$ cat target24.csv   # CSV, C-alpha atoms and all ligand atoms
chain,number,residue,atom,x,y,z
A,1,MET,CA,20.4,-1.2,8.6
A,2,PRO,CA,18.5,-1.7,5.4
A,3,ASP,CA,20.0,-4.2,3.0
A,4,PRO,CA,21.3,-2.1,0.1
A,5,ALA,CA,20.6,-4.9,-2.3
A,6,SER,CA,17.0,-5.0,-1.3
A,7,THR,CA,15.9,-1.3,-1.3
A,8,THR,CA,14.4,0.7,-4.1
A,9,SER,CA,15.1,4.4,-4.6
A,10,ALA,CA,11.7,4.7,-6.3
A,11,TYR,CA,9.8,4.0,-3.1
A,12,THR,CA,8.6,7.3,-1.7
A,13,MET,CA,7.5,6.4,1.7
A,14,GLY,CA,10.7,4.7,3.1
A,15,TYR,CA,11.0,2.3,5.9
A,16,ASP,CA,11.3,4.5,9.0
A,17,GLU,CA,8.8,4.2,11.9
A,18,ASP,CA,7.5,7.7,11.0
A,19,PHE,CA,5.6,6.2,8.1
A,20,LEU,CA,5.4,2.5,9.2
A,21,GLN,CA,2.9,3.6,12.0
A,22,MET,CA,0.4,4.1,9.2
A,23,LEU,CA,0.9,0.5,8.0
A,24,HIS,CA,0.8,-0.9,11.5
A,25,TRP,CA,-2.7,0.6,11.8
A,26,ARG,CA,-4.0,-1.5,8.9
A,27,SER,CA,-5.4,-5.0,9.0
A,28,ALA,CA,-7.0,-7.5,6.6
A,29,GLU,CA,-10.4,-7.0,8.3
A,30,THR,CA,-10.3,-3.2,7.8
A,31,HIS,CA,-8.2,-2.9,4.6
A,32,ALA,CA,-9.0,-6.0,2.6
A,33,ARG,CA,-12.8,-6.2,3.2
A,34,HIS,CA,-13.5,-6.4,-0.6
A,35,LEU,CA,-11.3,-9.6,-0.8
A,36,LEU,CA,-12.3,-11.5,2.4
A,37,PRO,CA,-15.6,-12.9,1.0
A,38,HIS,CA,-13.5,-14.5,-1.8
A,39,LEU,CA,-11.2,-16.4,0.6
A,40,ARG,CA,-11.7,-19.9,2.1
A,41,PRO,CA,-9.5,-22.4,3.9
A,42,GLY,CA,-7.1,-24.2,1.6
A,43,LEU,CA,-6.5,-21.6,-1.0
A,44,ARG,CA,-2.9,-20.7,-1.9
A,45,LEU,CA,-2.5,-16.9,-1.6
A,46,LEU,CA,0.3,-14.4,-2.6
A,47,ASP,CA,0.5,-11.0,-0.8
A,48,PHE,CA,2.9,-9.0,-3.1
A,49,GLY,CA,4.5,-5.9,-1.5
A,50,CYS,CA,3.4,-7.2,1.9
A,51,GLY,CA,5.3,-4.6,3.9
A,52,PRO,CA,5.5,-5.3,7.6
A,53,GLY,CA,2.7,-7.9,7.3
A,54,THR,CA,-0.2,-6.3,9.1
A,55,LEU,CA,-2.6,-7.3,6.4
A,56,SER,CA,-0.7,-10.6,5.8
A,57,VAL,CA,-1.6,-12.1,9.1
A,58,GLY,CA,-5.3,-11.8,8.6
A,59,LEU,CA,-5.0,-13.1,5.0
A,60,ALA,CA,-2.9,-16.1,6.2
A,61,ARG,CA,-5.6,-16.8,8.8
A,62,ALA,CA,-8.4,-16.7,6.2
A,63,VAL,CA,-6.8,-19.4,4.0
A,64,GLU,CA,-5.3,-21.7,6.7
A,65,PRO,CA,-4.3,-24.5,6.2
A,66,GLY,CA,-3.6,-23.2,2.6
A,67,GLU,CA,-0.2,-21.8,1.9
A,68,PHE,CA,0.3,-18.0,2.4
A,69,HIS,CA,3.3,-16.4,0.7
A,70,GLY,CA,4.4,-12.8,1.3
A,71,VAL,CA,7.0,-11.0,-0.8
A,72,ASP,CA,8.5,-7.6,-0.5
A,73,ILE,CA,11.6,-6.0,-2.0
A,74,GLU,CA,12.8,-4.7,1.4
A,75,ARG,CA,14.4,-7.2,3.8
A,76,SER,CA,13.5,-5.3,7.0
A,77,GLN,CA,9.8,-5.5,6.1
A,78,ILE,CA,10.0,-9.3,5.4
A,79,GLU,CA,11.6,-9.7,8.8
A,80,MET,CA,8.8,-7.8,10.5
A,81,ALA,CA,6.1,-9.7,8.6
A,82,ARG,CA,7.7,-13.0,9.5
A,83,ALA,CA,7.8,-12.1,13.2
A,84,ALA,CA,4.1,-11.0,13.1
A,85,ALA,CA,3.0,-14.3,11.5
A,86,GLU,CA,5.0,-16.3,14.0
A,87,ALA,CA,3.6,-14.3,16.9
A,88,GLY,CA,0.1,-15.1,15.5
A,89,GLY,CA,0.9,-18.8,15.2
A,90,HIS,CA,0.3,-18.8,11.4
A,91,GLY,CA,2.5,-21.9,10.4
A,92,ASN,CA,1.1,-21.7,6.9
A,93,ALA,CA,2.8,-18.4,6.2
A,94,SER,CA,6.2,-17.9,4.6
A,95,PHE,CA,7.9,-14.7,3.5
A,96,GLN,CA,10.8,-13.8,1.2
A,97,VAL,CA,12.5,-10.9,-0.3
A,98,ALA,CA,11.5,-10.6,-4.0
A,99,ASP,CA,10.7,-8.0,-6.7
A,100,VAL,CA,7.1,-8.0,-7.8
A,101,THR,CA,8.3,-7.8,-11.4
A,102,ASP,CA,10.4,-11.0,-11.0
A,103,LEU,CA,8.6,-13.4,-8.7
A,104,PRO,CA,10.4,-16.6,-7.5
A,105,PHE,CA,7.4,-18.8,-8.2
A,106,ASP,CA,6.4,-21.2,-11.0
A,107,ASP,CA,3.7,-20.4,-13.5
A,108,ASP,CA,0.1,-21.2,-12.3
A,109,THR,CA,1.0,-21.4,-8.6
A,110,PHE,CA,-1.6,-19.3,-6.8
A,111,ASP,CA,-5.4,-19.2,-6.4
A,112,VAL,CA,-5.3,-15.6,-5.2
A,113,ALA,CA,-2.8,-12.7,-5.5
A,114,HIS,CA,-3.3,-9.6,-3.3
A,115,CYS,CA,-1.7,-6.2,-3.0
A,116,HIS,CA,-2.4,-3.1,-1.0
A,117,THR,CA,-0.8,0.3,-1.9
A,118,VAL,CA,1.9,-1.3,-4.1
A,119,LEU,CA,1.0,-0.4,-7.7
A,120,ASN,CA,1.0,3.2,-6.4
A,121,HIS,CA,4.8,2.9,-6.0
A,122,VAL,CA,6.2,0.5,-8.6
A,123,PRO,CA,7.0,2.3,-11.8
A,124,ASP,CA,6.1,-0.4,-14.4
A,125,THR,CA,2.5,-1.4,-13.7
A,126,ASP,CA,2.2,-3.6,-16.8
A,127,ALA,CA,5.3,-5.6,-15.8
A,128,VAL,CA,3.8,-6.2,-12.3
A,129,LEU,CA,0.4,-7.3,-13.7
A,130,ALA,CA,2.0,-9.6,-16.3
A,131,GLU,CA,4.2,-11.2,-13.6
A,132,VAL,CA,1.3,-11.7,-11.2
A,133,LYS,CA,-0.8,-13.1,-14.0
A,134,ARG,CA,2.0,-15.6,-14.8
A,135,VAL,CA,2.0,-17.0,-11.2
A,136,LEU,CA,-1.8,-17.1,-10.9
A,137,LYS,CA,-3.6,-20.3,-11.8
A,138,PRO,CA,-6.1,-20.1,-14.7
A,139,GLY,CA,-9.3,-19.0,-12.9
A,140,GLY,CA,-7.3,-17.5,-10.1
A,141,ILE,CA,-8.1,-14.0,-8.8
A,142,ILE,CA,-6.1,-10.8,-8.3
A,143,SER,CA,-7.1,-8.2,-5.7
A,144,CYS,CA,-5.7,-4.7,-5.5
A,145,ARG,CA,-6.5,-1.7,-3.3
A,146,GLU,CA,-4.7,1.4,-4.3
A,147,LEU,CA,-4.6,5.1,-3.3
A,148,ILE,CA,-6.6,7.7,-5.2
A,149,ALA,CA,-4.7,10.8,-4.0
A,150,ALA,CA,-7.0,13.3,-5.8
A,151,SER,CA,-10.0,12.1,-3.7
A,152,SER,CA,-8.1,12.2,-0.4
A,153,PHE,CA,-8.4,15.3,1.8
A,154,SER,CA,-8.0,17.1,5.1
A,155,GLU,CA,-11.1,18.9,6.3
A,156,PRO,CA,-11.0,21.8,7.1
A,157,ALA,CA,-8.6,22.0,4.2
A,158,TYR,CA,-6.9,25.3,5.2
A,159,SER,CA,-3.7,25.4,3.1
A,160,LEU,CA,-3.3,21.6,3.5
A,161,ALA,CA,-4.8,20.9,0.0
A,162,GLY,CA,-1.5,22.1,-1.3
A,163,ALA,CA,0.3,19.6,0.9
A,164,TRP,CA,-1.7,16.8,-0.6
A,165,GLU,CA,-0.7,18.1,-4.1
A,166,THR,CA,2.9,18.1,-3.1
A,167,PHE,CA,2.7,14.6,-1.8
A,168,THR,CA,1.2,13.5,-5.1
A,169,LYS,CA,4.0,15.2,-7.1
A,170,LEU,CA,6.6,13.5,-4.8
A,171,VAL,CA,5.2,10.0,-5.6
A,172,ILE,CA,5.2,10.9,-9.4
A,173,ALA,CA,8.8,12.2,-9.2
A,174,ASN,CA,9.8,8.7,-7.8
A,175,GLY,CA,8.1,6.9,-10.7
A,176,GLY,CA,4.9,6.1,-8.8
A,177,HIS,CA,1.2,6.4,-9.7
A,178,PRO,CA,-0.7,8.3,-6.9
A,179,GLN,CA,-4.1,8.1,-8.8
A,180,ILE,CA,-3.9,4.5,-10.0
A,181,GLY,CA,-6.7,3.5,-7.6
A,182,LYS,CA,-9.2,5.0,-10.1
A,183,GLU,CA,-7.5,3.4,-13.1
A,184,LEU,CA,-7.5,-0.2,-11.9
A,185,LYS,CA,-10.4,-1.5,-14.0
A,186,ARG,CA,-8.8,-0.3,-17.2
A,187,ARG,CA,-5.3,-1.5,-16.2
A,188,LEU,CA,-6.5,-5.0,-15.3
A,189,LEU,CA,-8.6,-5.3,-18.5
A,190,GLY,CA,-5.5,-4.1,-20.5
A,191,SER,CA,-3.4,-6.8,-18.8
A,192,GLY,CA,-5.8,-9.6,-19.9
A,193,PHE,CA,-7.8,-10.2,-16.7
A,194,GLU,CA,-11.6,-10.6,-16.9
A,195,ASP,CA,-14.7,-10.4,-14.7
A,196,VAL,CA,-13.3,-7.1,-13.3
A,197,GLN,CA,-15.2,-5.9,-10.2
A,198,ALA,CA,-14.2,-2.3,-9.3
A,199,THR,CA,-15.2,-0.7,-6.0
A,200,ALA,CA,-13.9,2.1,-3.9
A,201,SER,CA,-13.7,2.9,-0.2
A,202,VAL,CA,-12.3,5.6,2.1
A,203,ASP,CA,-10.2,5.4,5.3
A,204,MET,CA,-11.9,8.1,7.4
A,205,PHE,CA,-9.8,9.5,10.2
A,206,SER,CA,-12.4,10.8,12.6
A,207,THR,CA,-12.0,9.0,16.0
A,208,PRO,CA,-9.3,10.5,18.3
A,209,GLU,CA,-7.2,7.4,17.7
A,210,ALA,CA,-7.5,7.5,13.9
A,211,ARG,CA,-6.9,11.3,13.8
A,212,ALA,CA,-3.8,10.7,15.9
A,213,VAL,CA,-2.5,8.2,13.3
A,214,LEU,CA,-3.0,10.5,10.4
A,215,ASP,CA,-1.6,13.5,12.3
A,216,ALA,CA,1.5,11.6,13.3
A,217,VAL,CA,2.2,10.5,9.8
A,218,ILE,CA,1.8,14.0,8.4
A,219,THR,CA,3.8,15.6,11.2
A,220,GLU,CA,6.5,13.0,11.6
A,221,TRP,CA,6.9,11.8,8.0
A,222,PHE,CA,5.7,14.5,5.7
A,223,PHE,CA,7.2,17.3,7.8
A,224,SER,CA,10.4,15.3,8.4
A,225,PRO,CA,13.7,16.9,7.3
A,226,LYS,CA,14.2,14.2,4.7
A,227,VAL,CA,10.8,14.6,3.0
A,228,MET,CA,10.7,18.4,3.3
A,229,GLY,CA,14.2,18.5,2.0
A,230,ALA,CA,13.5,16.3,-1.0
A,231,ALA,CA,10.4,18.3,-1.9
A,232,ILE,CA,12.1,21.6,-1.6
A,233,ALA,CA,15.3,20.5,-3.4
A,234,SER,CA,13.3,19.3,-6.3
A,235,GLY,CA,11.2,22.5,-6.5
A,236,LEU,CA,7.9,20.8,-5.5
A,237,ALA,CA,7.3,23.1,-2.6
A,238,THR,CA,9.0,26.0,-0.7
A,239,GLN,CA,10.0,26.3,2.9
A,240,GLU,CA,7.3,29.0,3.3
A,241,GLN,CA,4.7,26.6,2.1
A,242,PHE,CA,5.8,23.9,4.6
A,243,ASP,CA,5.8,26.5,7.4
A,244,SER,CA,2.2,27.4,6.5
A,245,TRP,CA,1.2,23.7,6.3
A,246,GLN,CA,2.7,23.0,9.7
A,247,ARG,CA,0.7,25.9,11.2
A,248,ASP,CA,-2.5,24.6,9.6
A,249,GLN,CA,-1.8,21.1,10.7
A,250,ALA,CA,-1.6,22.4,14.3
A,251,ARG,CA,-5.0,24.1,13.8
A,252,TRP,CA,-6.5,20.9,12.4
A,253,ARG,CA,-5.1,18.9,15.4
A,254,GLN,CA,-7.0,21.3,17.8
A,255,ASP,CA,-10.3,21.3,15.9
A,256,PRO,CA,-12.8,18.8,17.3
A,257,GLY,CA,-14.7,18.8,14.0
A,258,ALA,CA,-11.7,18.1,11.8
A,259,VAL,CA,-11.4,14.9,9.8
A,260,GLY,CA,-9.1,13.4,7.2
A,261,ALA,CA,-9.8,10.9,4.4
A,262,ILE,CA,-7.7,8.7,2.3
A,263,ALA,CA,-9.5,7.3,-0.8
A,264,PHE,CA,-8.8,3.9,-2.4
A,265,GLY,CA,-9.9,2.1,-5.5
A,266,GLU,CA,-10.3,-1.6,-5.2
A,267,VAL,CA,-10.5,-4.4,-7.8
A,268,ILE,CA,-11.1,-8.1,-8.0
A,269,ALA,CA,-10.4,-9.7,-11.4
A,270,THR,CA,-9.9,-13.2,-12.8
A,271,LYS,CA,-7.1,-14.8,-14.9
A,272,PRO,CA,-8.9,-16.4,-17.8
A,273,SER,CA,-9.1,-20.2,-17.7
O,1,LIG,C1,2.9,1.4,1.1
O,1,LIG,S1,3.7,-0.1,1.4
O,1,LIG,C2,2.4,-1.2,1.6
O,1,LIG,C3,2.6,-2.4,2.5
O,1,LIG,C4,1.4,-3.3,2.7
O,1,LIG,N1,0.9,-3.9,1.5
O,1,LIG,C5,0.4,-2.5,3.4
O,1,LIG,O1,-0.6,-2.0,2.8
O,1,LIG,O2,0.5,-2.3,4.6
O,1,LIG,C6,4.4,-0.6,-0.2
O,1,LIG,C7,5.4,-1.8,-0.1
O,1,LIG,O3,5.7,-2.2,-1.4
O,1,LIG,C8,7.1,-2.6,-1.4
O,1,LIG,N2,7.6,-2.5,-2.8
O,1,LIG,C9,7.9,-1.4,-3.5
O,1,LIG,N3,8.4,-1.8,-4.7
O,1,LIG,C10,8.4,-3.1,-4.7
O,1,LIG,C11,8.9,-4.1,-5.7
O,1,LIG,N4,9.3,-3.7,-6.9
O,1,LIG,N5,8.8,-5.4,-5.4
O,1,LIG,C12,8.3,-5.8,-4.1
O,1,LIG,N6,7.9,-4.9,-3.2
O,1,LIG,C13,8.0,-3.6,-3.5
O,1,LIG,C14,7.7,-1.7,-0.4
O,1,LIG,O4,8.9,-2.2,0.0
O,1,LIG,C15,6.7,-1.5,0.6
O,1,LIG,O5,6.9,-2.4,1.7

$ encode --input "target24.csv" --output "structure tokens"
Amino acid sequence: MPDPASTTSAYTMGYDEDFLQMLHWRSAETHARHLLPHLRPGLRLLDFGCGPGTLSVGLARAVEPGEFHGVDIERSQIEMARAAAEAGGHGNASFQVADVTDLPFDDDTFDVAHCHTVLNHVPDTDAVLAEVKRVLKPGGIISCRELIAASSFSEPAYSLAGAWETFTKLVIANGGHPQIGKELKRRLLGSGFEDVQATASVDMFSTPEARAVLDAVITEWFFSPKVMGAAIASGLATQEQFDSWQRDQARWRQDPGAVGAIAFGEVIATKPS
């Protein structure tokens, strides 16, 4: 059972396995490639919005014996992350339930603060960045990798382009920011960070294994009664559109030339000394 005190109604994706399988597919090596060259043993690192910890374990390994701290607002995710770190033997890693807009750390604590697909979902971006800046040491770095929904696609698109648009509207309806991956440089400069290095990369779903991950999340999460019901109830899509998207997703699944892509903006920036 989720802990009612630790869940947020603004979080579109939820915590069921139908979406978590996408997070389990991620790792620091594949999804924090822009950050890894900046890490070295002994740094103190914060992973805010760490989810089930699949990036966390690789980040903890990269700074060992430095302290790694993971926080997430959802207790079930913290328990999964803690179990993953214990299984990996990462004694430098600790995890706790916390809101990224109210972190339980002193000023100037961390050398590095990292997030992956978190600013996409937290309504008040400025509040997050101000709080993360507070707990970073002067000269410390922030690293973010966030979705750019408008640059993500299924190919062939069939009618599935409409499904991507509806997903985007769902995130916005929950207070999220599905395009913030392309706004990161401006947002970080606006929050007083400097030396901002902005890059972008795409998760390409082309191998049979990768296509199966994307297909499963679309089929089991996006086409689930809870997500379809929410989208239809709020007027973001009709049942007929979902029926059409489900037929087209079945065509996509059978097409050996089909691919999918999820685009991300990335940024590394420094808290002024
Ligand atoms: C899409 S998941 C990303 C998890 C992980 N970073 C990854 O990429 O695998 C977003 C995470 O942000 C967390 N989250 C959302 N709002 C939060 C908040 N205000 N404070 C802390 N965590 C939050 C959610 O609970 C969820 O685990």

$ residues_around --input "target24.csv" --residues "Arg75 in chain A" --least-positions-apart "2" --cutoff "6 Å" --atoms "only C-alpha atoms" --output "NGL selection string"
:A and (77-78 or 97)

$ atom_distance --input "target24.csv" --atom1 "CA of Ala127 in chain A" --atom2 "CA of Glu17 in chain A"
29.6 Å

$ closest_atom_pairs --input "target24.csv" --of "chain A" --to "ligand LIG 1 (chain O)" --cutoff "7 Å" --atoms "all atoms listed in the file" --output "tab-separated table"
residue	atom	partner	partner_atom	distance
A:Thr8	CA	O:LIG1	N3	6.5
A:Tyr11	CA	O:LIG1	C9	5.7
A:Met13	CA	O:LIG1	C1	6.8
A:Leu23	CA	O:LIG1	O2	4.4
A:Arg26	CA	O:LIG1	O2	6.3
A:Phe48	CA	O:LIG1	C12	6.4
A:Gly49	CA	O:LIG1	O3	3.9
A:Cys50	CA	O:LIG1	N1	4.2
A:Gly51	CA	O:LIG1	O5	3.5
A:Pro52	CA	O:LIG1	C3	6.5
A:Gly53	CA	O:LIG1	O2	6.6
A:Thr54	CA	O:LIG1	O2	6.1
A:Leu55	CA	O:LIG1	O2	6.2
A:Val71	CA	O:LIG1	C12	6.3
A:Asp72	CA	O:LIG1	N6	3.9
A:Ile73	CA	O:LIG1	C12	3.9
A:Glu74	CA	O:LIG1	O4	4.8
A:Gln77	CA	O:LIG1	O5	6.1
A:Ala98	CA	O:LIG1	C12	5.8
A:Asp99	CA	O:LIG1	N5	3.5
A:Val100	CA	O:LIG1	N5	3.9
A:Thr101	CA	O:LIG1	N4	6.2
A:Cys115	CA	O:LIG1	N1	5.7
A:His116	CA	O:LIG1	N1	4.2
A:Thr117	CA	O:LIG1	C1	4.9
A:Val118	CA	O:LIG1	C6	4.7
A:His121	CA	O:LIG1	C9	5.9
A:Val122	CA	O:LIG1	N3	5.0

$ closest_residue --input "target24.csv" --among "A:Thr166, A:Ala210, A:Ala85, A:Pro256" --to "Phe242 in chain A" --atoms "all atoms listed in the file"
A:Thr166

$ closest_atom_pairs --input "target24.csv" --of "range 85-148 of chain A" --to "range 63-69 of chain A" --cutoff "6 Å" --atoms "only C-alpha atoms" --output "CSV"
residue,atom,partner,partner_atom,distance
A:Asn92,CA,A:Glu67,CA,5.2
A:Ala93,CA,A:Phe68,CA,4.6
A:Ser94,CA,A:His69,CA,5.1
A:Phe95,CA,A:His69,CA,5.6

$ closest_atom_pairs --input "target24.csv" --of "range 25-104 of chain A" --to "range 143-152 of chain A" --cutoff "9 Å" --atoms "only C-alpha atoms" --output "Markdown table"
| residue | atom | partner | partner_atom | distance |
| --- | --- | --- | --- | --- |
| A:His31 | CA | A:Arg145 | CA | 8.2 |
| A:Ala32 | CA | A:Arg145 | CA | 7.7 |
| A:His34 | CA | A:Ser143 | CA | 8.4 |
| A:Leu35 | CA | A:Ser143 | CA | 6.6 |

$ closest_residue --input "target24.csv" --among "A:Ile142, A:Leu236, A:Val259, A:Ala87" --to "Val213 in chain A" --atoms "all atoms listed in the file"
A:Val259

$ atom_distance --input "target24.csv" --atom1 "CA of Pro138 in chain A" --atom2 "CA of Pro272 in chain A"
5.6 Å

$ atom_distance --input "target24.csv" --atom1 "CA of Met228 in chain A" --atom2 "CA of Trp164 in chain A"
13.1 Å

$ residues_near_point --input "target24.csv" --point "(2.1, -20.6, -14.9)" --cutoff "12 Å" --atoms "only C-alpha atoms" --output "list in words"
Leu103, Pro104, Phe105, Asp106, Asp107, Asp108, Thr109, Phe110, Asp111, Ala130, Glu131, Val132, Lys133, Arg134, Val135, Leu136, Lys137, Pro138, Gly139, Gly140, Lys271 and Ser273 of chain A
